[in-house]
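Asks: This is coords.txt (compact mmCIF, N, CA and C atoms).
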# COMPACT_ATOMS: atom_id res chain seq x y z
N MET A 1 -23.16 -11.93 -58.15
CA MET A 1 -24.21 -10.98 -58.47
C MET A 1 -24.69 -10.34 -57.16
N VAL A 2 -24.95 -9.02 -57.22
CA VAL A 2 -25.44 -8.28 -56.05
C VAL A 2 -26.82 -7.71 -56.39
N LEU A 3 -27.80 -8.01 -55.55
CA LEU A 3 -29.18 -7.56 -55.75
C LEU A 3 -29.55 -6.52 -54.70
N PRO A 4 -30.43 -5.59 -55.03
CA PRO A 4 -30.91 -4.67 -53.99
C PRO A 4 -31.60 -5.48 -52.90
N PRO A 5 -31.46 -5.09 -51.64
CA PRO A 5 -32.09 -5.86 -50.57
C PRO A 5 -33.61 -5.74 -50.61
N ASP A 6 -34.28 -6.75 -50.09
CA ASP A 6 -35.74 -6.71 -49.98
C ASP A 6 -36.09 -5.93 -48.72
N LEU A 7 -36.02 -4.63 -48.83
CA LEU A 7 -36.21 -3.75 -47.67
C LEU A 7 -37.65 -3.78 -47.16
N GLU A 8 -38.62 -3.94 -48.05
CA GLU A 8 -40.01 -4.03 -47.60
C GLU A 8 -40.18 -5.22 -46.65
N LEU A 9 -39.68 -6.37 -47.04
CA LEU A 9 -39.80 -7.57 -46.20
C LEU A 9 -39.11 -7.36 -44.86
N ARG A 10 -37.90 -6.86 -44.88
CA ARG A 10 -37.13 -6.64 -43.65
C ARG A 10 -37.81 -5.65 -42.72
N LEU A 11 -38.25 -4.52 -43.26
CA LEU A 11 -38.87 -3.48 -42.42
C LEU A 11 -40.23 -3.92 -41.90
N CYS A 12 -40.99 -4.64 -42.71
CA CYS A 12 -42.29 -5.14 -42.24
C CYS A 12 -42.07 -6.12 -41.08
N SER A 13 -41.14 -7.02 -41.22
CA SER A 13 -40.85 -7.98 -40.14
C SER A 13 -40.38 -7.27 -38.89
N TYR A 14 -39.51 -6.29 -39.06
CA TYR A 14 -38.97 -5.52 -37.93
C TYR A 14 -40.09 -4.79 -37.20
N LEU A 15 -40.93 -4.07 -37.94
CA LEU A 15 -42.01 -3.31 -37.32
C LEU A 15 -43.05 -4.23 -36.67
N ARG A 16 -43.38 -5.32 -37.34
CA ARG A 16 -44.34 -6.27 -36.77
C ARG A 16 -43.85 -6.77 -35.42
N ALA A 17 -42.58 -7.14 -35.34
CA ALA A 17 -42.01 -7.66 -34.10
C ALA A 17 -42.00 -6.61 -32.99
N ARG A 18 -41.76 -5.35 -33.34
CA ARG A 18 -41.67 -4.29 -32.34
C ARG A 18 -43.03 -3.74 -31.90
N LEU A 19 -44.05 -3.90 -32.73
CA LEU A 19 -45.34 -3.27 -32.45
C LEU A 19 -46.43 -4.24 -31.99
N LYS A 20 -46.26 -5.52 -32.25
CA LYS A 20 -47.32 -6.49 -31.98
C LYS A 20 -47.75 -6.54 -30.52
N SER A 21 -46.83 -6.37 -29.59
CA SER A 21 -47.20 -6.45 -28.17
C SER A 21 -48.08 -5.26 -27.75
N SER A 22 -47.85 -4.09 -28.32
CA SER A 22 -48.66 -2.91 -28.01
C SER A 22 -49.93 -2.82 -28.85
N PHE A 23 -49.88 -3.40 -30.05
CA PHE A 23 -51.01 -3.34 -30.99
C PHE A 23 -51.26 -4.76 -31.51
N PRO A 24 -51.90 -5.62 -30.72
CA PRO A 24 -52.04 -7.03 -31.08
C PRO A 24 -52.75 -7.29 -32.42
N THR A 25 -53.59 -6.37 -32.86
CA THR A 25 -54.33 -6.60 -34.11
C THR A 25 -53.72 -5.86 -35.30
N ILE A 26 -52.53 -5.30 -35.13
CA ILE A 26 -51.92 -4.49 -36.19
C ILE A 26 -51.64 -5.32 -37.44
N ILE A 27 -51.82 -4.68 -38.58
CA ILE A 27 -51.46 -5.25 -39.87
C ILE A 27 -50.25 -4.47 -40.36
N VAL A 28 -49.15 -5.17 -40.65
CA VAL A 28 -47.96 -4.54 -41.23
C VAL A 28 -47.66 -5.29 -42.52
N SER A 29 -47.69 -4.57 -43.64
CA SER A 29 -47.55 -5.23 -44.93
C SER A 29 -46.95 -4.26 -45.94
N ASN A 30 -46.69 -4.78 -47.14
CA ASN A 30 -46.19 -3.91 -48.21
C ASN A 30 -47.32 -3.44 -49.12
N ARG A 31 -48.56 -3.77 -48.76
CA ARG A 31 -49.72 -3.25 -49.49
C ARG A 31 -50.94 -3.28 -48.59
N GLU A 32 -51.90 -2.42 -48.91
CA GLU A 32 -53.13 -2.38 -48.15
C GLU A 32 -54.03 -3.53 -48.58
N PRO A 33 -54.55 -4.30 -47.63
CA PRO A 33 -55.47 -5.39 -48.01
C PRO A 33 -56.70 -4.84 -48.73
N ASP A 34 -57.19 -5.59 -49.71
CA ASP A 34 -58.36 -5.17 -50.48
C ASP A 34 -59.58 -4.96 -49.59
N ASP A 35 -59.68 -5.74 -48.53
CA ASP A 35 -60.86 -5.67 -47.66
C ASP A 35 -60.62 -4.86 -46.39
N TYR A 36 -59.61 -3.99 -46.39
CA TYR A 36 -59.31 -3.21 -45.19
C TYR A 36 -60.49 -2.29 -44.86
N ASP A 37 -60.96 -2.38 -43.60
CA ASP A 37 -62.13 -1.60 -43.20
C ASP A 37 -61.85 -0.60 -42.09
N GLY A 38 -60.60 -0.49 -41.68
CA GLY A 38 -60.24 0.49 -40.66
C GLY A 38 -60.43 0.02 -39.23
N SER A 39 -60.84 -1.22 -39.04
CA SER A 39 -61.09 -1.70 -37.68
C SER A 39 -59.80 -2.05 -36.94
N ARG A 40 -58.70 -2.11 -37.66
CA ARG A 40 -57.39 -2.44 -37.06
C ARG A 40 -56.36 -1.43 -37.54
N PRO A 41 -55.32 -1.18 -36.72
CA PRO A 41 -54.25 -0.31 -37.20
C PRO A 41 -53.55 -0.96 -38.39
N LEU A 42 -53.18 -0.14 -39.35
CA LEU A 42 -52.53 -0.63 -40.57
C LEU A 42 -51.27 0.17 -40.84
N VAL A 43 -50.20 -0.54 -41.16
CA VAL A 43 -48.93 0.08 -41.56
C VAL A 43 -48.54 -0.52 -42.90
N VAL A 44 -48.34 0.34 -43.90
CA VAL A 44 -47.93 -0.12 -45.22
C VAL A 44 -46.55 0.46 -45.52
N VAL A 45 -45.60 -0.43 -45.79
CA VAL A 45 -44.21 -0.06 -46.08
C VAL A 45 -43.98 -0.23 -47.58
N ARG A 46 -43.48 0.83 -48.23
CA ARG A 46 -43.23 0.79 -49.67
C ARG A 46 -41.81 1.23 -49.97
N ASP A 47 -41.05 0.38 -50.63
CA ASP A 47 -39.71 0.72 -51.08
C ASP A 47 -39.85 1.43 -52.42
N ASP A 48 -39.48 2.71 -52.46
CA ASP A 48 -39.59 3.49 -53.68
C ASP A 48 -38.33 3.45 -54.52
N GLY A 49 -37.40 2.57 -54.15
CA GLY A 49 -36.19 2.41 -54.94
C GLY A 49 -35.17 3.51 -54.70
N GLY A 50 -34.23 3.58 -55.59
CA GLY A 50 -33.16 4.56 -55.50
C GLY A 50 -31.99 4.12 -56.35
N SER A 51 -30.90 4.81 -56.20
CA SER A 51 -29.73 4.53 -57.04
C SER A 51 -28.79 3.54 -56.36
N GLN A 52 -27.86 3.04 -57.15
CA GLN A 52 -26.80 2.19 -56.64
C GLN A 52 -25.55 3.05 -56.57
N SER A 53 -25.03 3.24 -55.35
CA SER A 53 -23.92 4.18 -55.19
C SER A 53 -22.55 3.54 -55.43
N ASN A 54 -22.46 2.24 -55.31
CA ASN A 54 -21.27 1.49 -55.73
C ASN A 54 -21.68 0.03 -55.91
N ARG A 55 -20.74 -0.85 -56.06
CA ARG A 55 -21.06 -2.25 -56.40
C ARG A 55 -22.00 -2.90 -55.39
N VAL A 56 -21.87 -2.58 -54.10
CA VAL A 56 -22.66 -3.27 -53.08
C VAL A 56 -23.61 -2.37 -52.30
N LEU A 57 -23.54 -1.05 -52.50
CA LEU A 57 -24.40 -0.14 -51.75
C LEU A 57 -25.54 0.42 -52.62
N PHE A 58 -26.73 0.42 -52.02
CA PHE A 58 -27.92 0.92 -52.70
C PHE A 58 -28.57 1.99 -51.83
N ASP A 59 -28.90 3.11 -52.44
CA ASP A 59 -29.67 4.15 -51.75
C ASP A 59 -31.14 3.81 -51.93
N ARG A 60 -31.88 3.72 -50.83
CA ARG A 60 -33.28 3.34 -50.89
C ARG A 60 -34.15 4.40 -50.23
N SER A 61 -35.22 4.79 -50.91
CA SER A 61 -36.24 5.67 -50.34
C SER A 61 -37.43 4.80 -49.96
N VAL A 62 -37.94 5.02 -48.76
CA VAL A 62 -39.04 4.21 -48.25
C VAL A 62 -40.16 5.14 -47.80
N GLY A 63 -41.38 4.79 -48.18
CA GLY A 63 -42.56 5.51 -47.72
C GLY A 63 -43.37 4.61 -46.80
N VAL A 64 -43.88 5.16 -45.71
CA VAL A 64 -44.68 4.39 -44.76
C VAL A 64 -46.01 5.12 -44.55
N THR A 65 -47.10 4.41 -44.79
CA THR A 65 -48.44 4.92 -44.54
C THR A 65 -48.98 4.26 -43.28
N VAL A 66 -49.57 5.07 -42.40
CA VAL A 66 -50.18 4.55 -41.17
C VAL A 66 -51.64 4.97 -41.19
N ARG A 67 -52.54 4.01 -41.01
CA ARG A 67 -53.98 4.29 -40.90
C ARG A 67 -54.43 3.72 -39.56
N TYR A 68 -55.06 4.59 -38.75
CA TYR A 68 -55.44 4.14 -37.42
C TYR A 68 -56.38 5.16 -36.77
N GLY A 69 -57.51 4.71 -36.32
CA GLY A 69 -58.45 5.58 -35.61
C GLY A 69 -59.28 6.43 -36.54
N ALA A 70 -60.19 7.16 -35.93
CA ALA A 70 -61.11 8.01 -36.69
C ALA A 70 -60.42 9.27 -37.22
N ARG A 71 -60.83 9.70 -38.40
CA ARG A 71 -60.29 10.91 -39.00
C ARG A 71 -60.53 12.13 -38.09
N ALA A 72 -61.65 12.12 -37.37
CA ALA A 72 -61.98 13.24 -36.48
C ALA A 72 -61.18 13.21 -35.18
N ALA A 73 -60.52 12.09 -34.89
CA ALA A 73 -59.71 11.96 -33.68
C ALA A 73 -58.38 11.31 -34.06
N PRO A 74 -57.49 12.05 -34.72
CA PRO A 74 -56.30 11.47 -35.34
C PRO A 74 -55.09 11.24 -34.42
N LYS A 75 -55.19 11.56 -33.14
CA LYS A 75 -54.02 11.47 -32.27
C LYS A 75 -53.42 10.07 -32.22
N SER A 76 -54.25 9.04 -32.15
CA SER A 76 -53.71 7.68 -32.08
C SER A 76 -52.91 7.33 -33.34
N CYS A 77 -53.37 7.81 -34.49
CA CYS A 77 -52.66 7.58 -35.74
C CYS A 77 -51.32 8.32 -35.74
N ARG A 78 -51.34 9.57 -35.34
CA ARG A 78 -50.11 10.36 -35.30
C ARG A 78 -49.11 9.78 -34.31
N ASP A 79 -49.59 9.31 -33.14
CA ASP A 79 -48.70 8.72 -32.15
C ASP A 79 -48.06 7.43 -32.66
N LEU A 80 -48.85 6.59 -33.33
CA LEU A 80 -48.29 5.37 -33.90
C LEU A 80 -47.29 5.70 -35.00
N ALA A 81 -47.61 6.66 -35.86
CA ALA A 81 -46.69 7.06 -36.93
C ALA A 81 -45.39 7.62 -36.36
N ALA A 82 -45.48 8.41 -35.28
CA ALA A 82 -44.27 8.95 -34.65
C ALA A 82 -43.42 7.83 -34.06
N ARG A 83 -44.08 6.84 -33.47
CA ARG A 83 -43.34 5.69 -32.91
C ARG A 83 -42.62 4.93 -34.01
N ILE A 84 -43.28 4.73 -35.13
CA ILE A 84 -42.67 4.05 -36.27
C ILE A 84 -41.49 4.86 -36.80
N TYR A 85 -41.66 6.16 -36.90
CA TYR A 85 -40.56 7.03 -37.33
C TYR A 85 -39.37 6.86 -36.39
N GLY A 86 -39.63 6.85 -35.10
CA GLY A 86 -38.56 6.66 -34.12
C GLY A 86 -37.87 5.32 -34.26
N LEU A 87 -38.64 4.27 -34.47
CA LEU A 87 -38.05 2.93 -34.65
C LEU A 87 -37.17 2.87 -35.89
N LEU A 88 -37.65 3.47 -36.98
CA LEU A 88 -36.93 3.36 -38.25
C LEU A 88 -35.79 4.36 -38.40
N THR A 89 -35.70 5.33 -37.51
CA THR A 89 -34.58 6.27 -37.56
C THR A 89 -33.63 6.07 -36.38
N ASP A 90 -33.85 5.05 -35.60
CA ASP A 90 -32.94 4.72 -34.50
C ASP A 90 -31.67 4.09 -35.09
N PRO A 91 -30.50 4.66 -34.84
CA PRO A 91 -29.27 4.11 -35.41
C PRO A 91 -29.04 2.64 -35.09
N ALA A 92 -29.67 2.12 -34.05
CA ALA A 92 -29.51 0.71 -33.69
C ALA A 92 -30.01 -0.22 -34.79
N ILE A 93 -30.89 0.27 -35.67
CA ILE A 93 -31.41 -0.55 -36.76
C ILE A 93 -30.29 -1.01 -37.70
N CYS A 94 -29.22 -0.24 -37.75
CA CYS A 94 -28.08 -0.57 -38.62
C CYS A 94 -27.28 -1.76 -38.08
N SER A 95 -27.31 -1.98 -36.79
CA SER A 95 -26.48 -3.04 -36.20
C SER A 95 -27.27 -4.29 -35.83
N LEU A 96 -28.53 -4.35 -36.20
CA LEU A 96 -29.30 -5.57 -35.95
C LEU A 96 -28.74 -6.72 -36.77
N ASP A 97 -28.82 -7.90 -36.23
CA ASP A 97 -28.31 -9.08 -36.91
C ASP A 97 -28.97 -9.23 -38.28
N GLY A 98 -28.19 -9.27 -39.32
CA GLY A 98 -28.69 -9.44 -40.66
C GLY A 98 -29.29 -8.21 -41.31
N SER A 99 -29.21 -7.05 -40.66
CA SER A 99 -29.80 -5.84 -41.22
C SER A 99 -29.05 -5.40 -42.47
N PRO A 100 -29.79 -5.11 -43.54
CA PRO A 100 -29.14 -4.60 -44.75
C PRO A 100 -28.89 -3.09 -44.68
N ILE A 101 -29.36 -2.44 -43.61
CA ILE A 101 -29.23 -0.99 -43.50
C ILE A 101 -27.84 -0.63 -42.99
N ALA A 102 -27.09 0.09 -43.81
CA ALA A 102 -25.74 0.52 -43.43
C ALA A 102 -25.77 1.89 -42.77
N ALA A 103 -26.71 2.74 -43.20
CA ALA A 103 -26.80 4.09 -42.65
C ALA A 103 -28.19 4.66 -42.90
N ILE A 104 -28.58 5.56 -42.01
CA ILE A 104 -29.82 6.32 -42.15
C ILE A 104 -29.44 7.68 -42.70
N GLU A 105 -30.01 8.04 -43.82
CA GLU A 105 -29.73 9.36 -44.41
C GLU A 105 -30.75 10.33 -43.83
N GLU A 106 -30.35 11.01 -42.75
CA GLU A 106 -31.30 11.81 -41.98
C GLU A 106 -31.96 12.93 -42.78
N ASP A 107 -31.26 13.51 -43.74
CA ASP A 107 -31.87 14.60 -44.51
C ASP A 107 -32.94 14.09 -45.46
N GLY A 108 -33.06 12.76 -45.60
CA GLY A 108 -34.11 12.18 -46.43
C GLY A 108 -35.26 11.61 -45.62
N CYS A 109 -35.27 11.87 -44.31
CA CYS A 109 -36.33 11.38 -43.43
C CYS A 109 -37.28 12.53 -43.10
N ASN A 110 -38.56 12.32 -43.35
CA ASN A 110 -39.56 13.37 -43.16
C ASN A 110 -40.83 12.81 -42.54
N GLY A 111 -41.51 13.65 -41.78
CA GLY A 111 -42.81 13.27 -41.23
C GLY A 111 -42.70 12.91 -39.77
N PRO A 112 -43.75 12.34 -39.26
CA PRO A 112 -44.98 12.01 -39.95
C PRO A 112 -45.86 13.24 -40.16
N TYR A 113 -46.67 13.17 -41.21
CA TYR A 113 -47.62 14.24 -41.44
C TYR A 113 -48.93 13.64 -41.92
N PHE A 114 -50.01 14.37 -41.67
CA PHE A 114 -51.34 13.88 -42.04
C PHE A 114 -51.57 14.00 -43.53
N VAL A 115 -52.32 13.05 -44.05
CA VAL A 115 -52.68 13.00 -45.46
C VAL A 115 -54.20 13.01 -45.54
N ALA A 116 -54.75 13.75 -46.49
CA ALA A 116 -56.20 13.78 -46.67
C ALA A 116 -56.72 12.37 -46.95
N GLU A 117 -57.84 12.07 -46.37
CA GLU A 117 -58.41 10.73 -46.44
C GLU A 117 -59.91 10.85 -46.69
N ASP A 118 -60.43 10.12 -47.68
CA ASP A 118 -61.87 10.12 -47.94
C ASP A 118 -62.63 9.29 -46.91
N ALA A 119 -62.05 8.17 -46.53
CA ALA A 119 -62.70 7.31 -45.54
C ALA A 119 -62.59 7.95 -44.16
N ASN A 120 -63.38 7.48 -43.24
CA ASN A 120 -63.34 8.02 -41.87
C ASN A 120 -62.24 7.33 -41.06
N ILE A 121 -61.04 7.34 -41.60
CA ILE A 121 -59.88 6.73 -40.95
C ILE A 121 -58.73 7.73 -41.03
N ALA A 122 -58.08 7.99 -39.92
CA ALA A 122 -56.93 8.90 -39.93
C ALA A 122 -55.78 8.26 -40.70
N ARG A 123 -55.04 9.09 -41.43
CA ARG A 123 -53.91 8.60 -42.22
C ARG A 123 -52.72 9.53 -42.05
N CYS A 124 -51.56 8.93 -41.73
CA CYS A 124 -50.29 9.67 -41.67
C CYS A 124 -49.32 9.03 -42.65
N TYR A 125 -48.33 9.82 -43.04
CA TYR A 125 -47.31 9.35 -43.97
C TYR A 125 -45.95 9.83 -43.50
N LEU A 126 -44.94 9.02 -43.74
CA LEU A 126 -43.57 9.42 -43.43
C LEU A 126 -42.65 8.82 -44.48
N THR A 127 -41.52 9.48 -44.68
CA THR A 127 -40.54 8.98 -45.63
C THR A 127 -39.20 8.81 -44.94
N LEU A 128 -38.45 7.84 -45.45
CA LEU A 128 -37.13 7.54 -44.89
C LEU A 128 -36.17 7.29 -46.04
N GLU A 129 -34.91 7.51 -45.76
CA GLU A 129 -33.89 7.21 -46.76
C GLU A 129 -32.76 6.46 -46.08
N PHE A 130 -32.38 5.35 -46.71
CA PHE A 130 -31.34 4.49 -46.15
C PHE A 130 -30.26 4.22 -47.18
N SER A 131 -29.06 4.00 -46.70
CA SER A 131 -28.00 3.42 -47.50
C SER A 131 -27.97 1.95 -47.10
N THR A 132 -28.12 1.05 -48.08
CA THR A 132 -28.25 -0.37 -47.76
C THR A 132 -27.19 -1.20 -48.46
N ILE A 133 -26.96 -2.37 -47.92
CA ILE A 133 -26.01 -3.33 -48.49
C ILE A 133 -26.81 -4.33 -49.30
N GLY A 134 -26.35 -4.56 -50.52
CA GLY A 134 -27.04 -5.50 -51.40
C GLY A 134 -26.93 -6.94 -50.90
N GLU A 135 -27.78 -7.78 -51.49
CA GLU A 135 -27.78 -9.21 -51.18
C GLU A 135 -26.95 -9.93 -52.24
N PHE A 136 -26.01 -10.71 -51.78
CA PHE A 136 -25.13 -11.44 -52.70
C PHE A 136 -25.79 -12.74 -53.10
N GLN A 137 -25.82 -13.00 -54.42
CA GLN A 137 -26.40 -14.24 -54.95
C GLN A 137 -25.33 -15.04 -55.65
I need this file expressed as structure tokens, please.

Replies:
Amino acid sequence: MVLPPDLELRLCSYLRARLKSSFPTIIVSNREPDDYDGSRPLVVVRDDGGSQSNRVLFDRSVGVTVRYGARAAPKSCRDLAARIYGLLTDPAICSLDGSPIAAIEEDGCNGPYFVAEDANIARCYLTLEFSTIGEFQ
């Protein structure tokens, strides 16, 4: 049996490992904590699914939300979102040990761009598209 990879888990772990030294209080998760108050940078990774292109390959669309800094001073949020975009579109991600990512579909990668926010926290969003290898069970 071949299952779609747990891309949220993999990408959250990858980003956490790459960003923790520069942002010691960063939260990287697949959902926003209920008690999030904006005092720490937040990255939320969401696998939006996709089709299965053959027995072992899955096309996956991923959305990433970044919340960081004041809405009136959004540069720190945009810079963090751009760094995340760079990390997740670096071809080296495909050759990491155990990576389920076989290819980055560049025409499906967009952003980062600002999103309207009611709270006084800057918010950016970016999308990515990957061809991934399923998990064998």

Asks: Mind checking which residues fall within 8 Å of region 87-93 of chain A, counting only N, CA and C atoms, ignoring those fewer than 6 positions away in the same chain, and posting them as a count of residues only?

Replies: 12

Asks: Can you pull out every residue from region 22-115 of chain A that DSSP, working from the backbone, puts in helix (DSSP H, G or I), and format the result as a list in words?

Replies: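 Of region 22-115 of chain A, the ones in helix (DSSP H, G or I) are Lys75, Ser76, Cys77, Arg78, Asp79, Leu80, Ala81, Ala82, Arg83, Ile84, Tyr85, Gly86, Leu87, Leu88, Pro91, Ala92, Ile93, Cys94, Ser95, Glu106, Asp107 and Gly108 of chain A.
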
Asks: Filtering to N, CA and C atoms, could you give me those residues as a JSON list (two decimals), in the coordinates of the input?

Replies:
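The resulting file, again21.json, is reproduced below:
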[["chain", "number", "residue", "atom", "x", "y", "z"],
["A", 75, "LYS", "N", -55.19, 11.56, -33.14],
["A", 75, "LYS", "CA", -54.02, 11.47, -32.27],
["A", 75, "LYS", "C", -53.42, 10.07, -32.22],
["A", 76, "SER", "N", -54.25, 9.04, -32.15],
["A", 76, "SER", "CA", -53.71, 7.68, -32.08],
["A", 76, "SER", "C", -52.91, 7.33, -33.34],
["A", 77, "CYS", "N", -53.37, 7.81, -34.49],
["A", 77, "CYS", "CA", -52.66, 7.58, -35.74],
["A", 77, "CYS", "C", -51.32, 8.32, -35.74],
["A", 78, "ARG", "N", -51.34, 9.57, -35.34],
["A", 78, "ARG", "CA", -50.11, 10.36, -35.30],
["A", 78, "ARG", "C", -49.11, 9.78, -34.31],
["A", 79, "ASP", "N", -49.59, 9.31, -33.14],
["A", 79, "ASP", "CA", -48.70, 8.72, -32.15],
["A", 79, "ASP", "C", -48.06, 7.43, -32.66],
["A", 80, "LEU", "N", -48.85, 6.59, -33.33],
["A", 80, "LEU", "CA", -48.29, 5.37, -33.90],
["A", 80, "LEU", "C", -47.29, 5.70, -35.00],
["A", 81, "ALA", "N", -47.61, 6.66, -35.86],
["A", 81, "ALA", "CA", -46.69, 7.06, -36.93],
["A", 81, "ALA", "C", -45.39, 7.62, -36.36],
["A", 82, "ALA", "N", -45.48, 8.41, -35.28],
["A", 82, "ALA", "CA", -44.27, 8.95, -34.65],
["A", 82, "ALA", "C", -43.42, 7.83, -34.06],
["A", 83, "ARG", "N", -44.08, 6.84, -33.47],
["A", 83, "ARG", "CA", -43.34, 5.69, -32.91],
["A", 83, "ARG", "C", -42.62, 4.93, -34.01],
["A", 84, "ILE", "N", -43.28, 4.73, -35.13],
["A", 84, "ILE", "CA", -42.67, 4.05, -36.27],
["A", 84, "ILE", "C", -41.49, 4.86, -36.80],
["A", 85, "TYR", "N", -41.66, 6.16, -36.90],
["A", 85, "TYR", "CA", -40.56, 7.03, -37.33],
["A", 85, "TYR", "C", -39.37, 6.86, -36.39],
["A", 86, "GLY", "N", -39.63, 6.85, -35.10],
["A", 86, "GLY", "CA", -38.56, 6.66, -34.12],
["A", 86, "GLY", "C", -37.87, 5.32, -34.26],
["A", 87, "LEU", "N", -38.64, 4.27, -34.47],
["A", 87, "LEU", "CA", -38.05, 2.93, -34.65],
["A", 87, "LEU", "C", -37.17, 2.87, -35.89],
["A", 88, "LEU", "N", -37.65, 3.47, -36.98],
["A", 88, "LEU", "CA", -36.93, 3.36, -38.25],
["A", 88, "LEU", "C", -35.79, 4.36, -38.40],
["A", 91, "PRO", "N", -30.50, 4.66, -34.84],
["A", 91, "PRO", "CA", -29.27, 4.11, -35.41],
["A", 91, "PRO", "C", -29.04, 2.64, -35.09],
["A", 92, "ALA", "N", -29.67, 2.12, -34.05],
["A", 92, "ALA", "CA", -29.51, 0.71, -33.69],
["A", 92, "ALA", "C", -30.01, -0.22, -34.79],
["A", 93, "ILE", "N", -30.89, 0.27, -35.67],
["A", 93, "ILE", "CA", -31.41, -0.55, -36.76],
["A", 93, "ILE", "C", -30.29, -1.01, -37.70],
["A", 94, "CYS", "N", -29.22, -0.24, -37.75],
["A", 94, "CYS", "CA", -28.08, -0.57, -38.62],
["A", 94, "CYS", "C", -27.28, -1.76, -38.08],
["A", 95, "SER", "N", -27.31, -1.98, -36.79],
["A", 95, "SER", "CA", -26.48, -3.04, -36.20],
["A", 95, "SER", "C", -27.27, -4.29, -35.83],
["A", 106, "GLU", "N", -30.35, 11.01, -42.75],
["A", 106, "GLU", "CA", -31.30, 11.81, -41.98],
["A", 106, "GLU", "C", -31.96, 12.93, -42.78],
["A", 107, "ASP", "N", -31.26, 13.51, -43.74],
["A", 107, "ASP", "CA", -31.87, 14.60, -44.51],
["A", 107, "ASP", "C", -32.94, 14.09, -45.46],
["A", 108, "GLY", "N", -33.06, 12.76, -45.60],
["A", 108, "GLY", "CA", -34.11, 12.18, -46.43],
["A", 108, "GLY", "C", -35.26, 11.61, -45.62]]

Asks: Pull the neighbourhood of (-23.0, -12.1, -56.8) for me: all residues within 6 Å in file coordinates, counting only C-alpha atoms, as JSON, numbers by chain.

Replies: {"A": [1, 2, 136, 137]}

Asks: For the atom pair atom N of Asn120 (chain A) and atom N of Glu32 (chain A), what is the interatomic distance in Å to one decimal place?

Replies: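 These two atoms are separated by 16.2 Å.
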
Asks: For each of A:Val64, A:Ala72, A:Arg46, A:Asn54, take the minimum atom-to-atom distance to Cys124 (chain A), counting all atoms listed in the file, then give the residue where this is smallest.

Replies: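 Of A:Val64, A:Ala72, A:Arg46, A:Asn54, the one nearest Cys124 (chain A) is A:Val64, counting all atoms listed in the file.
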